[in-house]
Structure formats: C-alpha cells, structure tokens
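Okay, protein.pdb is below, PDB, N, CA and C atoms:
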ATOM      1  N   MET A   1      90.502  84.851 114.136
ATOM      2  CA  MET A   1      90.940  86.189 113.763
ATOM      3  C   MET A   1      92.181  86.096 112.860
ATOM      4  N   THR A   2      92.176  86.867 111.806
ATOM      5  CA  THR A   2      93.303  86.900 110.875
ATOM      6  C   THR A   2      94.462  87.647 111.510
ATOM      7  N   THR A   3      95.634  87.109 111.343
ATOM      8  CA  THR A   3      96.811  87.840 111.787
ATOM      9  C   THR A   3      97.517  88.415 110.565
ATOM     10  N   PHE A   4      97.851  89.675 110.655
ATOM     11  CA  PHE A   4      98.527  90.366 109.569
ATOM     12  C   PHE A   4     100.033  90.441 109.812
ATOM     13  N   ALA A   5     100.446  90.152 111.045
ATOM     14  CA  ALA A   5     101.839  90.332 111.441
ATOM     15  C   ALA A   5     102.769  89.433 110.638
ATOM     16  N   GLY A   6     103.926  89.993 110.343
ATOM     17  CA  GLY A   6     104.957  89.242 109.649
ATOM     18  C   GLY A   6     105.635  90.097 108.602
ATOM     19  N   THR A   7     106.505  89.453 107.851
ATOM     20  CA  THR A   7     107.204  90.096 106.742
ATOM     21  C   THR A   7     106.542  89.622 105.458
ATOM     22  N   TRP A   8     106.154  90.568 104.623
ATOM     23  CA  TRP A   8     105.430  90.279 103.390
ATOM     24  C   TRP A   8     106.244  90.759 102.190
ATOM     25  N   ASP A   9     106.440  89.875 101.208
ATOM     26  CA  ASP A   9     107.052  90.247  99.937
ATOM     27  C   ASP A   9     105.910  90.571  98.979
ATOM     28  N   VAL A  10     105.835  91.830  98.583
ATOM     29  CA  VAL A  10     104.660  92.333  97.868
ATOM     30  C   VAL A  10     105.067  92.963  96.538
ATOM     31  N   THR A  11     104.194  92.812  95.546
ATOM     32  CA  THR A  11     104.360  93.464  94.256
ATOM     33  C   THR A  11     103.191  94.409  94.038
ATOM     34  N   LEU A  12     103.490  95.614  93.565
ATOM     35  CA  LEU A  12     102.470  96.579  93.167
ATOM     36  C   LEU A  12     102.569  96.749  91.656
ATOM     37  N   ASP A  13     101.471  96.489  90.950
ATOM     38  CA  ASP A  13     101.422  96.702  89.501
ATOM     39  C   ASP A  13     100.958  98.138  89.267
ATOM     40  N   THR A  14     101.909  99.052  89.020
ATOM     41  CA  THR A  14     101.585 100.467  88.884
ATOM     42  C   THR A  14     101.641 100.896  87.423
ATOM     43  N   LEU A  15     101.217 102.122  87.169
ATOM     44  CA  LEU A  15     101.278 102.680  85.820
ATOM     45  C   LEU A  15     102.704 102.738  85.283
ATOM     46  N   ILE A  16     103.681 102.833  86.178
ATOM     47  CA  ILE A  16     105.078 102.943  85.747
ATOM     48  C   ILE A  16     105.815 101.606  85.839
ATOM     49  N   GLY A  17     105.056 100.538  86.052
ATOM     50  CA  GLY A  17     105.656  99.214  86.110
ATOM     51  C   GLY A  17     105.508  98.560  87.471
ATOM     52  N   LYS A  18     106.057  97.368  87.576
ATOM     53  CA  LYS A  18     105.977  96.615  88.839
ATOM     54  C   LYS A  18     106.962  97.181  89.852
ATOM     55  N   MET A  19     106.498  97.299  91.084
ATOM     56  CA  MET A  19     107.354  97.737  92.186
ATOM     57  C   MET A  19     107.376  96.628  93.228
ATOM     58  N   GLU A  20     108.578  96.238  93.634
ATOM     59  CA  GLU A  20     108.744  95.225  94.670
ATOM     60  C   GLU A  20     108.911  95.942  96.006
ATOM     61  N   VAL A  21     108.084  95.549  96.988
ATOM     62  CA  VAL A  21     108.070  96.202  98.291
ATOM     63  C   VAL A  21     108.021  95.124  99.369
ATOM     64  N   VAL A  22     108.631  95.413 100.512
ATOM     65  CA  VAL A  22     108.530  94.528 101.669
ATOM     66  C   VAL A  22     107.728  95.262 102.738
ATOM     67  N   PHE A  23     106.648  94.624 103.193
ATOM     68  CA  PHE A  23     105.864  95.152 104.312
ATOM     69  C   PHE A  23     106.302  94.434 105.576
ATOM     70  N   GLU A  24     106.633  95.188 106.608
ATOM     71  CA  GLU A  24     106.907  94.637 107.944
ATOM     72  C   GLU A  24     105.731  95.060 108.815
ATOM     73  N   ILE A  25     104.876  94.094 109.190
ATOM     74  CA  ILE A  25     103.665  94.406 109.943
ATOM     75  C   ILE A  25     103.752  93.770 111.321
ATOM     76  N   THR A  26     103.429  94.563 112.346
ATOM     77  CA  THR A  26     103.372  94.058 113.715
ATOM     78  C   THR A  26     101.999  94.372 114.297
ATOM     79  N   GLU A  27     101.576  93.533 115.236
ATOM     80  CA  GLU A  27     100.324  93.740 115.951
ATOM     81  C   GLU A  27     100.627  93.668 117.441
ATOM     82  N   GLN A  28     100.166  94.665 118.178
ATOM     83  CA  GLN A  28     100.360  94.658 119.626
ATOM     84  C   GLN A  28      99.126  95.244 120.287
ATOM     85  N   ASP A  29      98.510  94.452 121.155
ATOM     86  CA  ASP A  29      97.304  94.868 121.869
ATOM     87  C   ASP A  29      96.222  95.374 120.909
ATOM     88  N   GLY A  30      96.065  94.674 119.778
ATOM     89  CA  GLY A  30      95.033  95.028 118.819
ATOM     90  C   GLY A  30      95.374  96.201 117.914
ATOM     91  N   VAL A  31      96.573  96.753 118.053
ATOM     92  CA  VAL A  31      96.990  97.884 117.218
ATOM     93  C   VAL A  31      97.992  97.387 116.184
ATOM     94  N   ILE A  32      97.757  97.771 114.935
ATOM     95  CA  ILE A  32      98.623  97.337 113.837
ATOM     96  C   ILE A  32      99.553  98.468 113.436
ATOM     97  N   HIS A  33     100.825  98.119 113.330
ATOM     98  CA  HIS A  33     101.844  99.056 112.848
ATOM     99  C   HIS A  33     102.527  98.409 111.662
ATOM    100  N   GLY A  34     103.033  99.232 110.766
ATOM    101  CA  GLY A  34     103.737  98.662 109.637
ATOM    102  C   GLY A  34     104.655  99.659 108.974
ATOM    103  N   ILE A  35     105.612  99.116 108.246
ATOM    104  CA  ILE A  35     106.462  99.931 107.388
ATOM    105  C   ILE A  35     106.521  99.241 106.031
ATOM    106  N   ALA A  36     106.725 100.051 105.013
ATOM    107  CA  ALA A  36     106.907  99.548 103.658
ATOM    108  C   ALA A  36     108.307  99.944 103.214
ATOM    109  N   ARG A  37     109.093  98.946 102.782
ATOM    110  CA  ARG A  37     110.457  99.203 102.329
ATOM    111  C   ARG A  37     110.582  98.871 100.851
ATOM    112  N   SER A  38     111.164  99.805 100.119
ATOM    113  CA  SER A  38     111.504  99.556  98.715
ATOM    114  C   SER A  38     112.957  99.967  98.531
ATOM    115  N   ASP A  39     113.473  99.807  97.320
ATOM    116  CA  ASP A  39     114.842 100.259  97.045
ATOM    117  C   ASP A  39     114.964 101.761  97.227
ATOM    118  N   ALA A  40     113.862 102.482  97.042
ATOM    119  CA  ALA A  40     113.895 103.943  97.051
ATOM    120  C   ALA A  40     113.723 104.559  98.441
ATOM    121  N   GLU A  41     112.861 103.950  99.286
ATOM    122  CA  GLU A  41     112.570 104.581 100.578
ATOM    123  C   GLU A  41     111.855 103.613 101.510
ATOM    124  N   THR A  42     111.773 104.019 102.773
ATOM    125  CA  THR A  42     111.027 103.292 103.791
ATOM    126  C   THR A  42     110.010 104.254 104.388
ATOM    127  N   VAL A  43     108.735 103.829 104.411
ATOM    128  CA  VAL A  43     107.674 104.702 104.930
ATOM    129  C   VAL A  43     106.794 103.929 105.901
ATOM    130  N   ASP A  44     106.166 104.671 106.818
ATOM    131  CA  ASP A  44     105.280 104.088 107.821
ATOM    132  C   ASP A  44     103.866 103.920 107.288
ATOM    133  N   PHE A  45     103.176 102.887 107.795
ATOM    134  CA  PHE A  45     101.736 102.768 107.585
ATOM    135  C   PHE A  45     101.081 103.829 108.474
ATOM    136  N   LEU A  46     100.058 104.486 107.980
ATOM    137  CA  LEU A  46      99.301 105.469 108.744
ATOM    138  C   LEU A  46      97.848 105.015 108.840
ATOM    139  N   ASP A  47      97.273 105.159 110.022
ATOM    140  CA  ASP A  47      95.851 104.864 110.230
ATOM    141  C   ASP A  47      95.462 103.454 109.796
ATOM    142  N   ALA A  48      96.262 102.457 110.160
ATOM    143  CA  ALA A  48      95.952 101.067 109.804
ATOM    144  C   ALA A  48      94.723 100.589 110.577
ATOM    145  N   VAL A  49      93.784  99.981 109.843
ATOM    146  CA  VAL A  49      92.556  99.468 110.451
ATOM    147  C   VAL A  49      92.291  98.064 109.926
ATOM    148  N   ALA A  50      92.102  97.118 110.850
ATOM    149  CA  ALA A  50      91.770  95.743 110.489
ATOM    150  C   ALA A  50      90.277  95.516 110.686
ATOM    151  N   ASP A  51      89.686  94.777 109.740
ATOM    152  CA  ASP A  51      88.275  94.400 109.835
ATOM    153  C   ASP A  51      88.174  92.983 109.285
ATOM    154  N   GLY A  52      88.179  92.004 110.182
ATOM    155  CA  GLY A  52      88.200  90.609 109.749
ATOM    156  C   GLY A  52      89.534  90.306 109.088
ATOM    157  N   ASN A  53      89.483  89.873 107.813
ATOM    158  CA  ASN A  53      90.726  89.576 107.101
ATOM    159  C   ASN A  53      91.122  90.720 106.159
ATOM    160  N   ARG A  54      90.500  91.875 106.345
ATOM    161  CA  ARG A  54      90.765  93.063 105.519
ATOM    162  C   ARG A  54      91.590  94.073 106.318
ATOM    163  N   LEU A  55      92.584  94.657 105.660
ATOM    164  CA  LEU A  55      93.429  95.673 106.295
ATOM    165  C   LEU A  55      93.509  96.878 105.369
ATOM    166  N   THR A  56      93.275  98.053 105.938
ATOM    167  CA  THR A  56      93.392  99.299 105.172
ATOM    168  C   THR A  56      94.371 100.227 105.886
ATOM    169  N   TRP A  57      95.077 101.044 105.099
ATOM    170  CA  TRP A  57      95.981 102.041 105.653
ATOM    171  C   TRP A  57      96.363 103.015 104.546
ATOM    172  N   THR A  58      97.028 104.096 104.946
ATOM    173  CA  THR A  58      97.599 105.026 103.981
ATOM    174  C   THR A  58      99.099 105.113 104.236
ATOM    175  N   GLN A  59      99.813 105.558 103.232
ATOM    176  CA  GLN A  59     101.234 105.846 103.402
ATOM    177  C   GLN A  59     101.605 106.945 102.423
ATOM    178  N   VAL A  60     102.577 107.753 102.815
ATOM    179  CA  VAL A  60     103.032 108.857 101.984
ATOM    180  C   VAL A  60     104.399 108.503 101.423
ATOM    181  N   VAL A  61     104.493 108.487 100.093
ATOM    182  CA  VAL A  61     105.764 108.194  99.435
ATOM    183  C   VAL A  61     106.261 109.453  98.737
ATOM    184  N   THR A  62     107.567 109.506  98.499
ATOM    185  CA  THR A  62     108.149 110.656  97.805
ATOM    186  C   THR A  62     108.821 110.258  96.501
ATOM    187  N   THR A  63     108.887 108.925  96.237
ATOM    188  CA  THR A  63     109.529 108.441  95.024
ATOM    189  C   THR A  63     108.543 107.570  94.257
ATOM    190  N   PRO A  64     108.273 107.739  93.012
ATOM    191  CA  PRO A  64     108.948 108.661  92.101
ATOM    192  C   PRO A  64     108.449 110.099  92.224
ATOM    193  N   MET A  65     107.333 110.291  92.949
ATOM    194  CA  MET A  65     106.835 111.631  93.248
ATOM    195  C   MET A  65     106.087 111.549  94.568
ATOM    196  N   ARG A  66     105.806 112.702  95.155
ATOM    197  CA  ARG A  66     105.084 112.707  96.429
ATOM    198  C   ARG A  66     103.629 112.318  96.179
ATOM    199  N   LEU A  67     103.222 111.224  96.804
ATOM    200  CA  LEU A  67     101.862 110.712  96.670
ATOM    201  C   LEU A  67     101.389 110.153  98.005
ATOM    202  N   THR A  68     100.098 110.251  98.250
ATOM    203  CA  THR A  68      99.482 109.558  99.377
ATOM    204  C   THR A  68      98.775 108.341  98.807
ATOM    205  N   LEU A  69      99.218 107.170  99.227
ATOM    206  CA  LEU A  69      98.654 105.914  98.741
ATOM    207  C   LEU A  69      97.671 105.374  99.761
ATOM    208  N   LYS A  70      96.528 104.898  99.282
ATOM    209  CA  LYS A  70      95.524 104.271 100.141
ATOM    210  C   LYS A  70      95.455 102.797  99.779
ATOM    211  N   PHE A  71      95.795 101.953 100.746
ATOM    212  CA  PHE A  71      95.817 100.506 100.533
ATOM    213  C   PHE A  71      94.563  99.863 101.109
ATOM    214  N   ASP A  72      94.095  98.822 100.418
ATOM    215  CA  ASP A  72      92.962  98.012 100.863
ATOM    216  C   ASP A  72      93.286  96.586 100.440
ATOM    217  N   VAL A  73      93.683  95.757 101.411
ATOM    218  CA  VAL A  73      94.106  94.392 101.104
ATOM    219  C   VAL A  73      93.326  93.380 101.934
ATOM    220  N   THR A  74      93.323  92.164 101.436
ATOM    221  CA  THR A  74      92.713  91.039 102.129
ATOM    222  C   THR A  74      93.785  89.973 102.309
ATOM    223  N   VAL A  75      93.804  89.374 103.492
ATOM    224  CA  VAL A  75      94.773  88.319 103.786
ATOM    225  C   VAL A  75      94.034  87.003 103.967
ATOM    226  N   GLU A  76      94.495  85.996 103.226
ATOM    227  CA  GLU A  76      94.005  84.620 103.368
ATOM    228  C   GLU A  76      95.225  83.768 103.654
ATOM    229  N   GLY A  77      95.396  83.349 104.905
ATOM    230  CA  GLY A  77      96.585  82.564 105.272
ATOM    231  C   GLY A  77      97.842  83.391 105.078
ATOM    232  N   ASP A  78      98.706  82.942 104.175
ATOM    233  CA  ASP A  78      99.959  83.653 103.920
ATOM    234  C   ASP A  78      99.938  84.395 102.583
ATOM    235  N   SER A  79      98.737  84.679 102.060
ATOM    236  CA  SER A  79      98.598  85.410 100.803
ATOM    237  C   SER A  79      97.881  86.732 101.032
ATOM    238  N   MET A  80      98.345  87.760 100.328
ATOM    239  CA  MET A  80      97.759  89.096 100.414
ATOM    240  C   MET A  80      97.387  89.546  99.001
ATOM    241  N   THR A  81      96.162  90.038  98.841
ATOM    242  CA  THR A  81      95.722  90.597  97.568
ATOM    243  C   THR A  81      94.923  91.862  97.844
ATOM    244  N   GLY A  82      94.917  92.766  96.890
ATOM    245  CA  GLY A  82      94.139  93.979  97.049
ATOM    246  C   GLY A  82      94.560  95.043  96.073
ATOM    247  N   ALA A  83      94.416  96.294  96.517
ATOM    248  CA  ALA A  83      94.698  97.418  95.630
ATOM    249  C   ALA A  83      95.241  98.600  96.419
ATOM    250  N   SER A  84      95.894  99.466  95.679
ATOM    251  CA  SER A  84      96.406 100.721  96.213
ATOM    252  C   SER A  84      95.957 101.825  95.260
ATOM    253  N   ARG A  85      95.515 102.953  95.820
ATOM    254  CA  ARG A  85      95.093 104.089  95.001
ATOM    255  C   ARG A  85      95.894 105.315  95.391
ATOM    256  N   ALA A  86      96.220 106.102  94.391
ATOM    257  CA  ALA A  86      96.926 107.365  94.614
ATOM    258  C   ALA A  86      96.127 108.466  93.932
ATOM    259  N   GLY A  87      95.313 109.161  94.718
ATOM    260  CA  GLY A  87      94.533 110.273  94.181
ATOM    261  C   GLY A  87      93.699 109.885  92.987
ATOM    262  N   MET A  88      93.867 110.624  91.893
ATOM    263  CA  MET A  88      93.037 110.394  90.703
ATOM    264  C   MET A  88      93.584 109.289  89.797
ATOM    265  N   PHE A  89      94.729 108.716  90.125
ATOM    266  CA  PHE A  89      95.303 107.651  89.306
ATOM    267  C   PHE A  89      94.486 106.364  89.454
ATOM    268  N   PRO A  90      94.507 105.505  88.431
ATOM    269  CA  PRO A  90      93.815 104.209  88.549
ATOM    270  C   PRO A  90      94.422 103.371  89.675
ATOM    271  N   ALA A  91      93.617 102.475  90.216
ATOM    272  CA  ALA A  91      94.102 101.591  91.283
ATOM    273  C   ALA A  91      95.203 100.680  90.752
ATOM    274  N   SER A  92      96.165 100.400  91.617
ATOM    275  CA  SER A  92      97.249  99.461  91.306
ATOM    276  C   SER A  92      96.972  98.155  92.027
ATOM    277  N   LYS A  93      97.138  97.048  91.332
ATOM    278  CA  LYS A  93      96.959  95.732  91.936
ATOM    279  C   LYS A  93      98.096  95.475  92.921
ATOM    280  N   VAL A  94      97.741  94.919  94.086
ATOM    281  CA  VAL A  94      98.706  94.589  95.132
ATOM    282  C   VAL A  94      98.576  93.095  95.421
ATOM    283  N   TYR A  95      99.698  92.382  95.423
ATOM    284  CA  TYR A  95      99.653  90.964  95.761
ATOM    285  C   TYR A  95     101.007  90.534  96.315
ATOM    286  N   GLY A  96     100.959  89.548  97.216
ATOM    287  CA  GLY A  96     102.198  89.069  97.785
ATOM    288  C   GLY A  96     101.979  87.918  98.743
ATOM    289  N   SER A  97     103.066  87.526  99.376
ATOM    290  CA  SER A  97     103.004  86.419 100.317
ATOM    291  C   SER A  97     103.868  86.719 101.539
ATOM    292  N   ARG A  98     103.451  86.090 102.638
ATOM    293  CA  ARG A  98     104.183  86.252 103.896
ATOM    294  C   ARG A  98     105.451  85.411 103.810
ATOM    295  N   SER A  99     106.595  86.063 103.999
ATOM    296  CA  SER A  99     107.860  85.323 103.935
ATOM    297  C   SER A  99     108.294  84.849 105.318
ATOM    298  N   SER A 100     107.795  85.509 106.358
ATOM    299  CA  SER A 100     108.071  85.031 107.723
ATOM    300  C   SER A 100     107.028  85.587 108.684
ATOM    301  N   ALA A 101     106.679  84.783 109.663
ATOM    302  CA  ALA A 101     105.736  85.197 110.701
ATOM    303  C   ALA A 101     106.532  85.711 111.893
ATOM    304  N   PRO A 102     105.885  86.480 112.752
ATOM    305  CA  PRO A 102     106.607  87.035 113.906
ATOM    306  C   PRO A 102     107.055  85.958 114.885
TER     307      PRO A 102
END

Structure rendered as structure tokens:
Amino acid sequence: MTTFAGTWDVTLDTLIGKMEVVFEITEQDGVIHGIARSDAETVDFLDAVADGNRLTWTQVVTTPMRLTLKFDVTVEGDSMTGASRAGMFPASKVYGSRSSAP
C-alpha cells in the first residue's frame, strides 16, 4: 500500500506562473488529512480519497482569487506527479517530492 503521509515540496505550473506549495499529509486509521501551505495562505484538503497510489482531493483557495481546486496525483516512492483543475481553467501540472516522512 502506498503511503501518502509526510511533508511534500510541490510545484504547481499555473497560468500565472509557478507556485511553490508545501503539502503536509497525515494518515490515521485509513483516513487522509492534509493542508497546503504557500506564502499566501494555508488551506485544508477536503474529501481526500486514496485509491492505490492515486490521491484525489479538493481545496478552496482565496489567493490570487477564490477558486476550488481539484487535485489528482500519483505517488511513486517519494515522488508526486499529477494535475490540479480550477473550474473552466486548463489543468495545472503538479509535481514534487517528499522532504520528510512521518
């Protein structure tokens, strides 16, 4: 079983440029919780669901504007790749690495 828990240094390639984000992910009794921290704000993961090495969730950000982001990532060891979508905007590439395990 893939473990998602840990601290992840992640980059999002968005329409407005690269955004550096830190994901703090924890797993307890099969339930995944997470927060995303950037220079602008800290937001919770909502409705996180793991399926094998795939993790999906949503989060609501207010900077640079209020958006609901839908993430779909795959974890292989200490690497994370995937995408994030915000409504009608094109998907943003998501990639990063685990900087520390729990």

Taking the file above as input, evaluate the PyMOL selection byres (((chain A and resi 46 and name CA) around 6) and name CA) and report the hits as a VMD selection string. chain A and resid 45 47 to 48 57 to 59

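Residues captured in this structure file are Thr2, Thr3, Ala5, Gly6, Ile25 and Thr26 of chain A, according to the PyMOL selection byres ((chain A and resi 4) around 6).
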
What's the 8 Å shell around Glu41 (chain A), counting all atoms listed in the file, without same-chain residues fewer than 2 positions away, as a PDB file with N, CA and C atoms, in the coordinates of the input?
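Output contents, as saved in out01.pdb:
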ATOM      1  N   ALA A  36     106.725 100.051 105.013  1.00  0.00           N
ATOM      2  CA  ALA A  36     106.907  99.548 103.658  1.00  0.00           C
ATOM      3  C   ALA A  36     108.307  99.944 103.214  1.00  0.00           C
ATOM      4  N   ARG A  37     109.093  98.946 102.782  1.00  0.00           N
ATOM      5  CA  ARG A  37     110.457  99.203 102.329  1.00  0.00           C
ATOM      6  C   ARG A  37     110.582  98.871 100.851  1.00  0.00           C
ATOM      7  N   SER A  38     111.164  99.805 100.119  1.00  0.00           N
ATOM      8  CA  SER A  38     111.504  99.556  98.715  1.00  0.00           C
ATOM      9  C   SER A  38     112.957  99.967  98.531  1.00  0.00           C
ATOM     10  N   ASP A  39     113.473  99.807  97.320  1.00  0.00           N
ATOM     11  CA  ASP A  39     114.842 100.259  97.045  1.00  0.00           C
ATOM     12  C   ASP A  39     114.964 101.761  97.227  1.00  0.00           C
ATOM     13  N   VAL A  43     108.735 103.829 104.411  1.00  0.00           N
ATOM     14  CA  VAL A  43     107.674 104.702 104.930  1.00  0.00           C
ATOM     15  C   VAL A  43     106.794 103.929 105.901  1.00  0.00           C
ATOM     16  N   ASP A  44     106.166 104.671 106.818  1.00  0.00           N
ATOM     17  CA  ASP A  44     105.280 104.088 107.821  1.00  0.00           C
ATOM     18  C   ASP A  44     103.866 103.920 107.288  1.00  0.00           C
ATOM     19  N   VAL A  61     104.493 108.487 100.093  1.00  0.00           N
ATOM     20  CA  VAL A  61     105.764 108.194  99.435  1.00  0.00           C
ATOM     21  C   VAL A  61     106.261 109.453  98.737  1.00  0.00           C
ATOM     22  N   THR A  62     107.567 109.506  98.499  1.00  0.00           N
ATOM     23  CA  THR A  62     108.149 110.656  97.805  1.00  0.00           C
ATOM     24  C   THR A  62     108.821 110.258  96.501  1.00  0.00           C
ATOM     25  N   THR A  63     108.887 108.925  96.237  1.00  0.00           N
ATOM     26  CA  THR A  63     109.529 108.441  95.024  1.00  0.00           C
ATOM     27  C   THR A  63     108.543 107.570  94.257  1.00  0.00           C
TER      28      THR A  63
END

According to DSSP computed on the backbone, where in chain A is there strand (DSSP E or B)? Give the residues as a PyMOL selection string. chain A and resi 6-14+17-28+31-37+42-44+46-51+54-61+67-76+79-86+92-100

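Atom N of Met65 (chain A) to CA of Ser99 (chain A) spans 27.3 Å [interatomic distance, one decimal].
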
Output, as lines of an AutoDock Vina configuration file, the centre and edge lengths in Å (one decimal) of the axis-aligned box that contains all listed atoms of region 18-36 of chain A with 3 Å of margin on each side.
center_x = 102.0
center_y = 96.8
center_z = 104.7
size_x = 19.9
size_y = 12.5
size_z = 40.3

Residue by residue, what does the PyMOL selection byres ((chain A and resi 7-15) around 8) grab here? Present the result as a PyMOL selection string. chain A and resi 4-6+16-26+80+84+90-102

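The gap separating atom C of Met88 (chain A) from atom C of Gly34 (chain A) is 24.1 Å, in Å to one decimal.
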
Counting only N, CA and C atoms, the option among A:Ala86, A:Thr81, A:Val60, A:Asp29 closest to Thr42 (chain A):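 Distance minimum relative to Thr42 (chain A) lands on A:Val60.
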
Please indicate the distance in Å from CA of Arg54 (chain A) to CA of Ile35 (chain A), rounded to one decimal place.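 Going from CA of Arg54 (chain A) over to CA of Ile35 (chain A), I get 17.2 Å.
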
Could region 86-94 of chain A be completed with all heavy atoms and returned as an mmCIF file, in the frame of the given file?
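The file below, rebuild.cif, is the result:
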data_model
loop_
_atom_site.group_PDB
_atom_site.id
_atom_site.type_symbol
_atom_site.label_atom_id
_atom_site.label_comp_id
_atom_site.auth_asym_id
_atom_site.auth_seq_id
_atom_site.Cartn_x
_atom_site.Cartn_y
_atom_site.Cartn_z
ATOM 1 N N ALA A 86 96.220 106.102 94.391
ATOM 2 C CA ALA A 86 96.926 107.365 94.614
ATOM 3 C C ALA A 86 96.127 108.466 93.932
ATOM 4 O O ALA A 86 96.205 108.641 92.716
ATOM 5 C CB ALA A 86 98.341 107.302 94.047
ATOM 6 N N GLY A 87 95.313 109.161 94.718
ATOM 7 C CA GLY A 87 94.533 110.273 94.181
ATOM 8 C C GLY A 87 93.699 109.885 92.987
ATOM 9 O O GLY A 87 92.950 108.920 93.023
ATOM 10 N N MET A 88 93.867 110.624 91.893
ATOM 11 C CA MET A 88 93.037 110.394 90.703
ATOM 12 C C MET A 88 93.584 109.289 89.797
ATOM 13 O O MET A 88 92.968 108.943 88.800
ATOM 14 C CB MET A 88 92.898 111.690 89.920
ATOM 15 C CG MET A 88 94.194 112.202 89.351
ATOM 16 S SD MET A 88 93.938 113.755 88.512
ATOM 17 C CE MET A 88 95.440 114.594 88.982
ATOM 18 N N PHE A 89 94.729 108.716 90.125
ATOM 19 C CA PHE A 89 95.303 107.651 89.306
ATOM 20 C C PHE A 89 94.486 106.364 89.454
ATOM 21 O O PHE A 89 93.867 106.133 90.489
ATOM 22 C CB PHE A 89 96.758 107.381 89.710
ATOM 23 C CG PHE A 89 97.683 108.516 89.432
ATOM 24 C CD1 PHE A 89 98.190 109.287 90.475
ATOM 25 C CD2 PHE A 89 98.045 108.842 88.136
ATOM 26 C CE1 PHE A 89 99.046 110.350 90.227
ATOM 27 C CE2 PHE A 89 98.903 109.899 87.877
ATOM 28 C CZ PHE A 89 99.397 110.661 88.923
ATOM 29 N N PRO A 90 94.507 105.505 88.431
ATOM 30 C CA PRO A 90 93.815 104.209 88.549
ATOM 31 C C PRO A 90 94.422 103.371 89.675
ATOM 32 O O PRO A 90 95.596 103.526 90.006
ATOM 33 C CB PRO A 90 94.064 103.545 87.192
ATOM 34 C CG PRO A 90 94.531 104.614 86.276
ATOM 35 C CD PRO A 90 95.147 105.678 87.131
ATOM 36 N N ALA A 91 93.617 102.475 90.216
ATOM 37 C CA ALA A 91 94.102 101.591 91.283
ATOM 38 C C ALA A 91 95.203 100.680 90.752
ATOM 39 O O ALA A 91 95.186 100.266 89.593
ATOM 40 C CB ALA A 91 92.952 100.758 91.833
ATOM 41 N N SER A 92 96.165 100.400 91.617
ATOM 42 C CA SER A 92 97.249 99.461 91.306
ATOM 43 C C SER A 92 96.972 98.155 92.027
ATOM 44 O O SER A 92 96.618 98.150 93.208
ATOM 45 C CB SER A 92 98.593 100.016 91.782
ATOM 46 O OG SER A 92 98.911 101.208 91.117
ATOM 47 N N LYS A 93 97.138 97.048 91.332
ATOM 48 C CA LYS A 93 96.959 95.732 91.936
ATOM 49 C C LYS A 93 98.096 95.475 92.921
ATOM 50 O O LYS A 93 99.254 95.786 92.642
ATOM 51 C CB LYS A 93 96.954 94.674 90.835
ATOM 52 C CG LYS A 93 96.677 93.278 91.313
ATOM 53 C CD LYS A 93 96.627 92.314 90.136
ATOM 54 C CE LYS A 93 96.443 90.896 90.622
ATOM 55 N NZ LYS A 93 96.444 89.960 89.502
ATOM 56 N N VAL A 94 97.741 94.919 94.086
ATOM 57 C CA VAL A 94 98.706 94.589 95.132
ATOM 58 C C VAL A 94 98.576 93.095 95.421
ATOM 59 O O VAL A 94 97.475 92.606 95.630
ATOM 60 C CB VAL A 94 98.418 95.400 96.426
ATOM 61 C CG1 VAL A 94 99.342 94.973 97.551
ATOM 62 C CG2 VAL A 94 98.509 96.884 96.171
#
